[in-house]
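K.L.:
Here you go, structure_18.cif (mmCIF, C-alpha atoms):
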```
data_data
#
loop_
_atom_site.label_atom_id
_atom_site.label_comp_id
_atom_site.auth_asym_id
_atom_site.auth_seq_id
_atom_site.Cartn_x
_atom_site.Cartn_y
_atom_site.Cartn_z
CA MET H 1 58.83 25.89 53.24
CA THR H 2 60.96 23.08 51.82
CA GLU H 3 59.63 19.80 50.42
CA GLY H 4 61.05 16.40 51.31
CA GLN H 5 60.17 12.83 52.23
CA ILE H 6 60.09 11.21 55.65
CA VAL H 7 62.70 8.42 55.59
CA LYS H 8 62.66 7.44 59.28
CA ALA H 9 60.41 7.87 62.31
CA LEU H 10 61.88 7.33 65.75
CA SER H 11 60.89 8.43 69.26
CA GLY H 12 58.62 11.22 68.09
CA PHE H 13 61.09 12.59 65.54
CA TYR H 14 60.67 12.47 61.77
CA TYR H 15 63.76 12.46 59.59
CA VAL H 16 63.04 14.29 56.36
CA ASP H 17 65.26 13.97 53.29
CA THR H 18 65.03 17.10 51.11
CA GLY H 19 67.53 15.83 48.55
CA GLU H 20 70.24 18.07 49.92
CA ALA H 21 70.17 17.13 53.60
CA VAL H 22 68.24 15.08 56.18
CA TYR H 23 66.56 17.12 58.93
CA GLN H 24 65.36 15.88 62.30
CA CYS H 25 61.85 17.24 62.66
CA ARG H 26 58.99 17.43 65.09
CA ALA H 27 55.45 17.57 63.73
CA ARG H 28 53.13 20.52 64.22
CA GLY H 29 50.61 20.04 67.04
CA ILE H 30 47.75 20.41 64.57
CA PHE H 31 48.43 16.88 63.28
CA LYS H 32 47.76 15.33 66.69
CA LYS H 33 44.68 17.51 67.11
CA ASP H 34 43.34 16.29 63.77
CA GLY H 35 44.23 12.66 64.53
CA VAL H 36 46.81 12.49 61.74
CA THR H 37 50.20 10.83 62.16
CA PRO H 38 53.07 11.49 59.72
CA LEU H 39 54.36 8.22 58.25
CA VAL H 40 57.60 7.06 56.70
CA GLY H 41 57.17 7.57 52.97
CA ASP H 42 55.09 10.71 53.35
CA HIS H 43 55.98 13.64 51.11
CA VAL H 44 55.92 16.69 53.36
CA ARG H 45 56.63 20.39 53.58
CA ILE H 46 58.89 21.49 56.41
CA THR H 47 60.20 24.69 57.92
CA ILE H 48 63.96 24.46 58.38
CA GLN H 49 65.07 25.86 61.74
CA ASP H 50 68.82 25.32 61.54
CA GLU H 51 71.36 23.07 59.80
CA GLU H 52 69.98 19.92 61.44
CA GLU H 53 66.42 20.50 62.61
CA GLY H 54 63.05 21.48 61.23
CA VAL H 55 59.28 21.22 61.71
CA VAL H 56 56.81 19.22 59.61
CA ASP H 57 54.14 21.71 58.50
CA GLU H 58 52.15 19.82 55.88
CA ILE H 59 51.62 16.25 54.63
CA MET H 60 51.10 16.01 50.89
CA PRO H 61 48.30 13.79 49.47
CA ARG H 62 49.03 10.09 49.89
CA ARG H 63 48.67 7.25 47.42
CA ASN H 64 47.94 4.88 50.31
CA ALA H 65 48.65 4.59 54.01
CA PHE H 66 48.89 1.76 56.52
CA ILE H 67 48.67 1.39 60.28
CA ARG H 68 50.83 -1.71 60.54
CA PRO H 69 53.43 -1.37 59.22
CA PRO H 70 53.15 2.45 59.51
CA VAL H 71 54.13 3.47 55.97
CA ALA H 72 52.69 5.56 53.16
CA ASN H 73 52.98 5.79 49.38
CA VAL H 74 53.89 2.17 48.70
CA ASP H 75 54.12 1.04 45.07
CA ILE H 76 54.76 -2.65 45.70
CA PHE H 77 54.67 -4.96 48.71
CA VAL H 78 57.29 -7.68 48.90
CA VAL H 79 55.38 -10.26 50.94
CA THR H 80 58.13 -12.26 52.58
CA VAL H 81 57.82 -15.74 54.03
CA ALA H 82 60.46 -18.22 55.17
CA ALA H 83 60.54 -21.76 53.82
CA ALA H 84 61.44 -22.79 57.38
CA GLU H 85 62.41 -21.24 60.73
CA PRO H 86 59.82 -19.88 61.35
CA GLU H 87 57.25 -22.23 59.90
CA PRO H 88 55.53 -20.52 56.95
CA SER H 89 51.99 -19.19 57.31
CA LEU H 90 50.13 -18.97 54.01
CA GLU H 91 47.18 -17.39 55.80
CA LEU H 92 49.38 -14.47 56.87
CA CYS H 93 50.74 -14.16 53.32
CA ASP H 94 47.18 -13.96 52.03
CA ARG H 95 46.29 -11.21 54.51
CA PHE H 96 49.25 -9.17 53.28
CA LEU H 97 48.34 -9.79 49.64
CA VAL H 98 44.68 -8.89 50.15
CA THR H 99 45.61 -5.62 51.82
CA ALA H 100 47.99 -4.78 48.99
CA GLU H 101 45.17 -5.44 46.51
CA ALA H 102 42.81 -3.19 48.47
CA ALA H 103 45.43 -0.42 48.52
CA ASP H 104 45.85 -0.61 44.74
CA ALA H 105 49.49 -1.55 45.22
CA GLU H 106 51.44 -4.21 43.37
CA ALA H 107 52.61 -7.28 45.23
CA CYS H 108 55.17 -10.01 44.82
CA LEU H 109 55.98 -13.03 46.94
CA CYS H 110 59.46 -13.60 48.30
CA ILE H 111 60.16 -17.08 49.68
CA ASN H 112 63.36 -16.81 51.70
CA LYS H 113 65.57 -19.46 53.28
CA ASP H 114 65.51 -21.81 50.31
CA ASP H 115 68.77 -23.16 51.72
CA LEU H 116 66.82 -24.62 54.67
CA SER H 117 63.98 -26.28 52.74
CA SER H 118 63.97 -26.09 48.96
CA VAL H 119 61.00 -28.48 48.81
CA GLN H 120 58.88 -26.22 51.01
CA ALA H 121 60.00 -23.14 49.08
CA LYS H 122 58.88 -24.67 45.78
CA ARG H 123 55.56 -25.72 47.30
CA ILE H 124 54.81 -22.18 48.45
CA ALA H 125 55.87 -20.72 45.11
CA GLY H 126 53.50 -23.14 43.39
CA VAL H 127 50.52 -21.78 45.32
CA TYR H 128 51.07 -18.24 44.03
CA ALA H 129 52.87 -18.83 40.71
CA GLU H 130 49.92 -17.83 38.51
CA LEU H 131 48.82 -14.95 40.74
CA TYR H 132 51.85 -12.87 41.69
CA PRO H 133 55.53 -12.70 40.75
CA SER H 134 57.28 -15.16 43.07
CA VAL H 135 60.98 -15.30 43.87
CA VAL H 136 62.66 -18.16 45.72
CA MET H 137 65.57 -16.68 47.62
CA SER H 138 68.31 -17.25 50.15
CA ALA H 139 69.77 -14.35 52.06
CA LEU H 140 72.58 -16.72 53.02
CA THR H 141 73.69 -17.58 49.48
CA GLY H 142 72.38 -14.56 47.57
CA GLU H 143 70.07 -16.71 45.42
CA GLY H 144 67.25 -14.72 43.82
CA VAL H 145 68.58 -11.23 44.64
CA THR H 146 69.03 -10.21 40.99
CA GLU H 147 65.51 -11.38 40.13
CA LEU H 148 63.97 -9.48 43.04
CA LYS H 149 65.89 -6.32 42.11
CA SER H 150 64.38 -6.43 38.63
CA ILE H 151 60.83 -6.74 40.03
CA ILE H 152 61.10 -3.73 42.36
CA ALA H 153 63.37 -1.55 40.19
CA GLY H 154 62.39 2.10 40.32
CA LYS H 155 59.52 1.50 42.78
CA SER H 156 58.88 2.19 46.45
CA ALA H 157 58.91 -1.32 47.89
CA ALA H 158 57.80 -2.31 51.39
CA PHE H 159 58.84 -5.66 52.81
CA ALA H 160 55.99 -7.21 54.79
CA GLY H 161 56.13 -10.41 56.78
CA ALA H 162 56.37 -11.95 60.22
CA SER H 163 59.50 -11.37 62.28
CA GLY H 164 62.29 -13.84 61.67
CA VAL H 165 61.58 -14.47 57.98
CA GLY H 166 64.72 -12.58 56.95
CA LYS H 167 63.39 -9.25 55.65
CA THR H 168 66.26 -7.22 57.04
CA SER H 169 68.85 -9.71 55.77
CA LEU H 170 67.40 -9.43 52.28
CA ILE H 171 67.31 -5.64 52.49
CA ALA H 172 70.95 -5.66 53.55
CA LEU H 173 71.78 -7.57 50.37
CA LEU H 174 69.72 -5.23 48.19
CA THR H 175 71.10 -2.03 49.70
CA GLY H 176 74.64 -3.22 50.37
CA ASP H 177 74.26 -2.07 54.00
CA MET H 178 75.50 -5.10 55.89
CA ASP H 179 75.42 -3.18 59.18
CA LEU H 180 71.64 -3.54 59.45
CA ALA H 181 70.63 -5.45 62.57
CA VAL H 182 69.83 -9.08 61.83
CA GLY H 183 68.39 -11.49 64.39
CA ASP H 184 67.45 -15.14 64.46
CA VAL H 185 64.53 -17.34 65.43
CA SER H 186 63.79 -18.22 69.02
CA THR H 187 64.39 -21.91 69.68
CA LYS H 188 61.79 -21.76 72.47
CA THR H 189 58.86 -20.21 70.58
CA GLY H 190 59.80 -20.88 66.96
CA ARG H 191 59.09 -17.22 66.22
CA GLY H 192 61.40 -14.56 64.95
CA LYS H 193 63.10 -12.23 67.38
CA HIS H 194 62.23 -8.62 66.55
CA THR H 195 65.36 -6.90 65.27
CA THR H 196 63.90 -4.01 63.28
CA ARG H 197 62.44 -1.61 65.85
CA HIS H 198 61.42 1.24 63.58
CA VAL H 199 60.49 1.89 59.97
CA GLU H 200 63.17 3.28 57.69
CA LEU H 201 63.30 4.07 53.97
CA PHE H 202 66.47 3.29 52.02
CA ALA H 203 67.19 4.75 48.58
CA LEU H 204 69.11 2.76 45.97
CA ALA H 205 71.17 4.25 43.18
CA ASP H 206 68.66 3.20 40.50
CA GLY H 207 65.81 5.13 42.11
CA THR H 208 64.34 2.17 43.97
CA LYS H 209 63.24 2.90 47.53
CA ILE H 210 62.96 0.16 50.14
CA TYR H 211 61.05 0.29 53.42
CA ASP H 212 62.43 -1.82 56.24
CA THR H 213 59.65 -2.57 58.73
CA PRO H 214 59.27 -4.55 61.96
CA GLY H 215 57.64 -7.97 61.65
CA PHE H 216 53.93 -8.19 62.35
CA SER H 217 51.46 -11.03 62.75
CA SER H 218 48.68 -8.88 61.31
CA PHE H 219 48.38 -6.15 58.75
CA GLU H 220 46.14 -3.12 59.13
CA ALA H 221 45.37 -0.52 56.53
CA THR H 222 43.63 2.83 56.30
CA GLU H 223 42.25 5.09 53.61
CA ALA H 224 41.99 3.34 50.19
CA SER H 225 42.95 0.03 51.76
CA ASP H 226 40.17 -0.02 54.36
CA LEU H 227 38.65 -3.48 53.95
CA SER H 228 35.44 -2.55 55.78
CA ASP H 229 33.95 -1.29 52.50
CA ALA H 230 35.60 -3.83 50.21
CA ASN H 231 34.19 -7.01 48.75
CA ILE H 232 36.67 -9.57 49.99
CA ASP H 233 36.17 -11.85 46.98
CA ALA H 234 37.26 -9.05 44.62
CA LEU H 235 40.63 -9.00 46.40
CA PHE H 236 41.40 -12.59 45.39
CA PRO H 237 42.29 -12.22 41.68
CA GLU H 238 41.79 -15.91 40.89
CA PHE H 239 38.12 -15.61 41.93
CA GLU H 240 37.39 -13.09 39.16
CA ALA H 241 37.00 -15.66 36.38
CA HIS H 242 34.38 -17.56 38.37
CA ILE H 243 32.30 -14.99 40.30
CA GLU H 244 29.92 -14.23 37.42
CA ASP H 245 29.12 -17.93 37.05
CA CYS H 246 27.74 -18.22 40.58
CA ARG H 247 23.97 -18.75 40.68
CA PHE H 248 23.45 -15.80 43.03
CA LYS H 249 24.84 -12.33 42.31
CA ASN H 250 25.43 -11.74 46.02
CA CYS H 251 27.07 -15.13 46.54
CA ARG H 252 29.48 -15.15 49.48
CA HIS H 253 31.03 -18.43 48.29
CA GLU H 254 30.34 -20.23 51.55
CA ASN H 255 27.43 -22.69 51.40
CA GLU H 256 25.36 -21.27 48.56
CA PRO H 257 24.25 -23.77 45.87
CA ASP H 258 25.96 -23.65 42.48
CA CYS H 259 28.83 -21.49 43.70
CA ALA H 260 31.37 -21.35 40.88
CA VAL H 261 34.21 -20.23 43.16
CA ARG H 262 33.74 -23.22 45.43
CA GLY H 263 33.44 -25.41 42.36
CA ALA H 264 36.76 -24.04 41.07
CA MET H 265 38.33 -24.85 44.41
CA GLU H 266 37.14 -28.46 44.10
CA THR H 267 38.66 -28.80 40.61
CA GLY H 268 41.93 -27.00 41.37
CA GLY H 269 41.21 -23.65 39.72
CA VAL H 270 41.37 -22.01 43.16
CA LYS H 271 43.93 -23.25 45.69
CA ARG H 272 42.42 -24.70 48.86
CA SER H 273 44.70 -22.65 51.10
CA ARG H 274 43.60 -19.45 49.35
CA TYR H 275 39.93 -20.37 49.69
CA ALA H 276 40.45 -21.11 53.40
CA SER H 277 42.07 -17.69 53.84
CA TYR H 278 39.12 -16.08 52.06
CA LEU H 279 36.63 -17.71 54.45
CA LYS H 280 38.59 -16.53 57.48
CA LEU H 281 38.78 -12.98 56.17
CA LEU H 282 35.09 -13.01 55.36
CA ALA H 283 34.23 -14.21 58.85
CA ALA H 284 36.50 -11.60 60.40
CA LYS H 285 34.89 -8.85 58.35
CA GLN H 286 31.41 -9.99 59.33
CA GLU H 287 32.40 -9.94 62.99
CA MET H 288 34.09 -6.53 62.52
CA GLU H 289 37.36 -7.94 63.83
CA PHE H 290 39.54 -7.23 60.79
#
```
What's the structure tokens form of this structure?
P.N.:
Amino acid sequence: MTEGQIVKALSGFYYVDTGEAVYQCRARGIFKKDGVTPLVGDHVRITIQDEEEGVVDEIMPRRNAFIRPPVANVDIFVVTVAAAEPEPSLELCDRFLVTAEAADAEACLCINKDDLSSVQAKRIAGVYAELYPSVVMSALTGEGVTELKSIIAGKSAAFAGASGVGKTSLIALLTGDMDLAVGDVSTKTGRGKHTTRHVELFALADGTKIYDTPGFSSFEATEASDLSDANIDALFPEFEAHIEDCRFKNCRHENEPDCAVRGAMETGGVKRSRYASYLKLLAAKQEMEF
């Protein structure tokens, strides 16, 4: 068997790069029987059948794996939001960031479309400035590309964000592949039109690997990133300095007296938008909806 990495999944086929060639592969039936789906980013062993085709025989151990977007072995998530068109959702950003934390992956924030609203871009950057690396960018002008390249250099980076925020445009700049499909934002709904229909992994000359993924309004994870067994407050890094000062060890930071996290929110140590996202995630977990 030959080892390689899945770089694209499309219509039931898995495209495996062995370093010498890319083979179009089907997966062994045992994967479906066991309820396992090969994912882009998986390191696999394949049996080569001819010059173009092969069969995926084995999936190597994963660092992490996600349902949406369906990727594996991510080092860093580039959580992408637009300053405008579509209107930015900090709650969605926080869901992405929390899932990255749970998966033991790095994260950075990419605020695109600075050319449309520099004031909004700076406001969003200010929310996360002390928590994660933040880059204000413009896929139109190229602003911020060099800075983002330095953050993800040598890592496997997955762009995560709602459709229409400009992920594929940014990836086109990073990879130099200007033939990637780029859409716009619907004037009727204010939402991005889906242009990326499948997940694909691009390799850069410096060893950086970039996942291009469809846009999603939610983010689901499996394995190490399963939030059902996680303490949500531990996934908000700014809470850490305050949790031990809460009166109750099992404080949920909702209505308990002498809650240090809520106190920090009142004095500016925790951003109100982040605290609101925490409460929504907590409620969702309690209702088993996340």
K.L.:
Could you pull the residues within 10 Å of Cys25 in chain H, counting only C-alpha atoms, minus those fewer than 2 positions along the same chain, as a ChimeraX atom specification?
P.N.:
/H:6,9,12-16,22-23,27-28,46-49,52-57
K.L.:
Distance CA of Asp233 in chain H-CA of Thr267 in chain H, one decimal place?
P.N.:
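We find that CA of Asp233 in chain H and CA of Thr267 in chain H lie 18.3 Å from each other.
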K.L.:
Just say which residues the PyMOL selection byres ((chain H and resi 271-287) around 10) picks in this file, as a short mmCIF file (atom, residue, chain, number, x, y, z; two decimals) with C-alpha atoms, in the coordinates of the input.
P.N.:
```
data_model
loop_
_atom_site.label_atom_id
_atom_site.label_comp_id
_atom_site.auth_asym_id
_atom_site.auth_seq_id
_atom_site.Cartn_x
_atom_site.Cartn_y
_atom_site.Cartn_z
CA LEU H 90 50.13 -18.97 54.01
CA GLU H 91 47.18 -17.39 55.80
CA LEU H 92 49.38 -14.47 56.87
CA CYS H 93 50.74 -14.16 53.32
CA ASP H 94 47.18 -13.96 52.03
CA ARG H 95 46.29 -11.21 54.51
CA VAL H 98 44.68 -8.89 50.15
CA GLY H 126 53.50 -23.14 43.39
CA VAL H 127 50.52 -21.78 45.32
CA TYR H 128 51.07 -18.24 44.03
CA LEU H 227 38.65 -3.48 53.95
CA SER H 228 35.44 -2.55 55.78
CA ASP H 229 33.95 -1.29 52.50
CA ALA H 230 35.60 -3.83 50.21
CA ASN H 231 34.19 -7.01 48.75
CA ILE H 232 36.67 -9.57 49.99
CA ASP H 233 36.17 -11.85 46.98
CA LEU H 235 40.63 -9.00 46.40
CA PHE H 236 41.40 -12.59 45.39
CA GLU H 238 41.79 -15.91 40.89
CA PHE H 239 38.12 -15.61 41.93
CA ARG H 252 29.48 -15.15 49.48
CA HIS H 253 31.03 -18.43 48.29
CA GLU H 254 30.34 -20.23 51.55
CA VAL H 261 34.21 -20.23 43.16
CA ARG H 262 33.74 -23.22 45.43
CA ALA H 264 36.76 -24.04 41.07
CA MET H 265 38.33 -24.85 44.41
CA GLU H 266 37.14 -28.46 44.10
CA THR H 267 38.66 -28.80 40.61
CA GLY H 268 41.93 -27.00 41.37
CA GLY H 269 41.21 -23.65 39.72
CA VAL H 270 41.37 -22.01 43.16
CA MET H 288 34.09 -6.53 62.52
CA GLU H 289 37.36 -7.94 63.83
CA PHE H 290 39.54 -7.23 60.79
#
```
K.L.:
Go through H:Asp212, H:Glu244, H:Glu200, H:Asp104 and flag the residue nearest Asp17 in chain H, using all atoms listed in the file for the distances.
P.N.:
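Looking at the shortest contact to Asp17 in chain H, the residue is H:Glu200.
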K.L.:
I'd like to see the residues matched by the PyMOL selection byres ((chain H and resi 153) around 12) on this file, and ideally I'd get them as an MDAnalysis selection string.
P.N.:
chainID H and resid 75:76 145:152 154:157 174 203:210
K.L.:
As lines of an AutoDock Vina configuration file, please report the centre and edge lengths, rounded to one decimal in Å, of the axis-aligned box that holds all listed atoms of range 270-283 of chain H with 3 Å of padding on each of the six sides.
P.N.:
```
center_x = 39.5
center_y = -18.8
center_z = 51.0
size_x = 16.5
size_y = 17.7
size_z = 21.7
```
K.L.:
Please enumerate the residues selected by the PyMOL selection byres ((chain H and resi 198) around 9) when evaluated against the supplied file, formatted as a list of chain:residue names.
P.N.:
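After applying the PyMOL selection byres ((chain H and resi 198) around 9), what remains is H:Lys8, H:Ala9, H:Leu10, H:Thr196, H:Arg197, H:Val199, H:Glu200, H:Asp212, H:Thr213, H:Pro214.
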K.L.:
May I have the protein, DNA and RNA residues with any atom at most 10 Å from the point (51.9, 2.4, 57.8), counting only C-alpha atoms, written as a PyMOL selection string?
P.N.:
chain H and resi 37-42+64-74+158+199+213+219-222
K.L.:
Residues within 12 Å of Ile124 in chain H, please, as a PyMOL selection string. Count only C-alpha atoms; anything in the same chain fewer than 3 positions from it doesn't count.
P.N.:
chain H and resi 80-84+87-91+93-94+109-112+114+117-121+127-130+132+134-136+271+273-274
K.L.:
Tell me which of H:Asp115, H:Glu58, H:Glu101, H:Asp258 sits closest to Pro237 in chain H, counting only C-alpha atoms.
P.N.:
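Ranked by minimum distance to Pro237 in chain H, first place goes to H:Glu101.
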K.L.:
Any idea what the distance is between CA of Ala21 in chain H and CA of Ile59 in chain H?
P.N.:
18.6 Å
K.L.:
One number please: CA of Lys33 in chain H to CA of Glu3 in chain H, in Å, one decimal.
P.N.:
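Between these atoms lies a distance of 22.5 Å.
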K.L.:
Just checking: using all atoms listed in the file, which residue out of H:Ala102, H:Val78, H:Ile30, H:Met1 ends up closest to Ala234 in chain H?
P.N.:
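Result for the nearest residue to Ala234 in chain H: H:Ala102.
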K.L.:
Pick from H:Cys246, H:Ala260, H:Ala139, H:Ala100: nearest to Lys167 in chain H, with all atoms listed in the file counted?
P.N.:
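Of H:Cys246, H:Ala260, H:Ala139, H:Ala100, the one nearest Lys167 in chain H, counting all atoms listed in the file, is H:Ala139.
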